[in-house]
Amino acid sequence: MEIVSGGVTDVGRVRTNNEDSYKILEGLNLYVLSDGMGGEAHGEVASGLAVDTVVKYCSEAKADSGVTLVGTAPDHFGEKTKRLQSAVQQANLNIYESAQKNQAQRGMGATVTTVWANDDRLSVAHVGDSRAYLLRMGNLQQLTSDHSLVAEQVRRGIITPQQAEESEMQSVLLRALGAHPEVEVDVDEVGIYPGDILLICSDGLSRMVTEPEIAGTLQAETRPVEAAQKLVDLANERGGLDNVTVIVVRFQEKAKQWFSWLWRGRAKKD
Amino acid sequence: MAKLSLMFESKLVKEVPIGNRPVTIGRAPDNDIPIDNLAISNYHARVYYEAGRLVVEDLDSLNGTFVNDLRVERATLHDGDSIWIGKHNIKVDATADAAIPWDSGRKAAAPKINETMVLDTKARRDMLQQAAALGERSQFSPGRLKMPTLVVLSGKLDQKEYLLTNRLTVIGKSPMATVRLRGWFKPKMAAQINQRDDGYYLGTGDKVPSVNGTPISGTVRLNDGDLIDVCGVRLNFIFRE
């Protein structure tokens, strides 16, 4: 499949610095996004550390399959998914240890949501409330479960999704990177169909823009960077109360080449 | 208030209103609707309200419970439906409940963004316990493990039933589809069922599926017992314990 991606990050209209970080590694089809927290700009340190660690770990794992696994993922998951889980564990450890060593960084933490794409499926790993969505045939489906108090209450039937959206406790997280030396990472694998669109975003987007608007924008704007920018602009129009980061990835059928057998012998592009 | 009318050969035999308690049907005399017939099990089926919907549930009977010609384990009932138990027809008489649509309109006034807090284990447990004291009503009640299942009622598929274990389920001809349709002209992705925090939602694909006879628009939350029709296939969505 052909994969086209783009990302945008913005400080928003209220905050003075951007504590979100993200990275797209086109060669690996790896996408990482992190939303940092902690006073005095330490959120930036945390989210930067999260993204850099995941990128480094996955790049090393790709080069050398002997790289140690950190933590465990259920057996039925594939190799890439287990590696991604390890990468996030390592990121957690790095943030935790950094805060242990630097008094000033105590209390810093971050969310992380990362996707590693294969030919036919996505490996998804996350901690926190930054989201990954998949738009398929007009239906926007959240791939990750928010590790927030209100989302947990909805899952248990204690409040409705409507009440969750209006709750004042939306920022209370049950899980984040950096709080403890070990963290429970949610992992999942999702089959990919040509035409699917992946969106990864920090809560700066999901709190300001509704899901139908996100779906509409992704369908209307076919270029990933433009789509990401439009969503960021929408979030800012609505108040831009938080940093906002958006990654858009489009999965398309490889354009069929007529008489491709004539080109046999030519180096195949992966 | 709904009521069940037991008919035998077009004659009204007994009428029973359905209140807060489930209405039981079977051969044993202590049922709310006792039917003295050897083809009927002692405790054959029961009818009750669940989250505002009227549901009929077969109690592992020998000869089965049928709703409008289809054998069911558990199904949502609507005004005018006929429950068949043996040769007995039980008519359902209910005022239709208006469905409450899930409103996905513009967000209300911007929420207060507090500084992000991470709850430690004890605080988290306390808070969830307090909230849980209000009662847990979700489809994901951690106490009882309920497995969402699609039971094939009619149509040729590769399995008789499908357990929904993934967040995204595709019904279609594609080899990657969970519920694989057979046939030349079936679309790769006819419909989709996706898991959200508050339940399972059916959405369109290349085709527009129907739920309990009504074609859907957008996505529709599935309830225990719903009947799904798509591409000539009929599926019963139920939660198995």
# chains A, B, ... in the order shown; residues from 1 in each chain; ligands from 1
$ interface_residues --of "chain A" --to "chain B" --cutoff "7 Å" --atoms "only C-alpha atoms" --output "list in words"
Met37, Met137, Asn139, Gln141, Val154, Arg155, Arg156, Gly157, Ile158, Glu166, Glu168, Ser171, Val172, Leu173, Leu174, Arg175, Ala176 and Thr210 of chain A
$ write_last_selection --atoms "C-alpha atoms" --output "mmCIF file, in the first residue's frame"
data_model
loop_
_atom_site.group_PDB
_atom_site.id
_atom_site.type_symbol
_atom_site.label_atom_id
_atom_site.label_comp_id
_atom_site.auth_asym_id
_atom_site.auth_seq_id
_atom_site.Cartn_x
_atom_site.Cartn_y
_atom_site.Cartn_z
ATOM 1 C CA MET A 37 2.633 17.886 31.680
ATOM 2 C CA MET A 137 -15.986 4.466 4.873
ATOM 3 C CA ASN A 139 -17.096 6.291 10.016
ATOM 4 C CA GLN A 141 -13.598 5.135 15.057
ATOM 5 C CA VAL A 154 -18.260 5.965 30.894
ATOM 6 C CA ARG A 155 -16.903 2.463 30.320
ATOM 7 C CA ARG A 156 -18.369 1.371 33.650
ATOM 8 C CA GLY A 157 -21.745 2.917 32.883
ATOM 9 C CA ILE A 158 -21.429 5.443 35.694
ATOM 10 C CA GLU A 166 -19.206 18.358 30.155
ATOM 11 C CA GLU A 168 -14.823 19.385 34.935
ATOM 12 C CA SER A 171 -7.966 16.401 32.718
ATOM 13 C CA VAL A 172 -7.656 13.805 35.449
ATOM 14 C CA LEU A 173 -5.651 10.891 34.124
ATOM 15 C CA LEU A 174 -5.437 7.395 35.516
ATOM 16 C CA ARG A 175 -2.232 6.565 33.647
ATOM 17 C CA ALA A 176 0.693 8.599 32.355
ATOM 18 C CA THR A 210 -16.262 17.394 17.350
#
$ select_by_dssp --residues "region 18-93 of chain A" --states "strand (DSSP E)" --output "list in words"
Asp20, Ser21, Tyr22, Lys23, Ile24, Leu25, Leu30, Tyr31, Val32, Leu33, Ser34, Asp35, Gly36 and Met37 of chain A
$ write_last_selection --atoms "N, CA and C atoms" --output "PDB file, in the first residue's frame"
ATOM      1  N   ASP A  20       3.550  19.768  23.587  1.00  0.00           N
ATOM      2  CA  ASP A  20       3.292  18.593  22.750  1.00  0.00           C
ATOM      3  C   ASP A  20       4.550  18.334  21.921  1.00  0.00           C
ATOM      4  N   SER A  21       4.795  17.068  21.623  1.00  0.00           N
ATOM      5  CA  SER A  21       5.870  16.736  20.669  1.00  0.00           C
ATOM      6  C   SER A  21       5.348  15.661  19.746  1.00  0.00           C
ATOM      7  N   TYR A  22       5.892  15.618  18.526  1.00  0.00           N
ATOM      8  CA  TYR A  22       5.507  14.516  17.649  1.00  0.00           C
ATOM      9  C   TYR A  22       6.630  14.249  16.664  1.00  0.00           C
ATOM     10  N   LYS A  23       6.600  13.046  16.061  1.00  0.00           N
ATOM     11  CA  LYS A  23       7.569  12.727  15.032  1.00  0.00           C
ATOM     12  C   LYS A  23       6.972  11.733  14.060  1.00  0.00           C
ATOM     13  N   ILE A  24       7.294  11.908  12.780  1.00  0.00           N
ATOM     14  CA  ILE A  24       6.876  10.950  11.748  1.00  0.00           C
ATOM     15  C   ILE A  24       8.141  10.384  11.117  1.00  0.00           C
ATOM     16  N   LEU A  25       8.298   9.079  11.156  1.00  0.00           N
ATOM     17  CA  LEU A  25       9.445   8.452  10.496  1.00  0.00           C
ATOM     18  C   LEU A  25       8.924   7.744   9.252  1.00  0.00           C
ATOM     19  N   LEU A  30       6.425   4.917  11.076  1.00  0.00           N
ATOM     20  CA  LEU A  30       6.214   5.039  12.520  1.00  0.00           C
ATOM     21  C   LEU A  30       5.755   6.455  12.846  1.00  0.00           C
ATOM     22  N   TYR A  31       4.720   6.553  13.682  1.00  0.00           N
ATOM     23  CA  TYR A  31       4.156   7.855  14.047  1.00  0.00           C
ATOM     24  C   TYR A  31       4.053   7.914  15.560  1.00  0.00           C
ATOM     25  N   VAL A  32       4.602   8.993  16.125  1.00  0.00           N
ATOM     26  CA  VAL A  32       4.603   9.120  17.580  1.00  0.00           C
ATOM     27  C   VAL A  32       4.125  10.503  17.991  1.00  0.00           C
ATOM     28  N   LEU A  33       3.260  10.557  19.008  1.00  0.00           N
ATOM     29  CA  LEU A  33       2.770  11.845  19.499  1.00  0.00           C
ATOM     30  C   LEU A  33       2.748  11.810  21.020  1.00  0.00           C
ATOM     31  N   SER A  34       3.150  12.908  21.655  1.00  0.00           N
ATOM     32  CA  SER A  34       3.167  12.938  23.120  1.00  0.00           C
ATOM     33  C   SER A  34       2.732  14.307  23.626  1.00  0.00           C
ATOM     34  N   ASP A  35       1.949  14.318  24.700  1.00  0.00           N
ATOM     35  CA  ASP A  35       1.457  15.554  25.311  1.00  0.00           C
ATOM     36  C   ASP A  35       2.061  15.609  26.704  1.00  0.00           C
ATOM     37  N   GLY A  36       2.928  16.592  26.972  1.00  0.00           N
ATOM     38  CA  GLY A  36       3.636  16.640  28.242  1.00  0.00           C
ATOM     39  C   GLY A  36       2.901  17.434  29.305  1.00  0.00           C
ATOM     40  N   MET A  37       3.220  17.136  30.564  1.00  0.00           N
ATOM     41  CA  MET A  37       2.633  17.886  31.680  1.00  0.00           C
ATOM     42  C   MET A  37       3.675  18.077  32.768  1.00  0.00           C
TER      43      MET A  37
END
$ residues_around --residues "region 74-91 of chain A" --least-positions-apart "4" --cutoff "7 Å" --atoms "only C-alpha atoms" --output "list in words"
Leu49, Ala50, Thr53, Val54, Tyr57, Cys58, Leu69, Val70, Ile95, Ser123, Ala125, Glu182, Val183, Val185 and Val187 of chain A
$ residues_around --residues "Asp79 (chain B)" --least-positions-apart "3" --cutoff "12 Å" --atoms "only C-alpha atoms" --output "number ranges by chain"
B: 1-5, 53-55, 68, 76, 82-83, 90-97
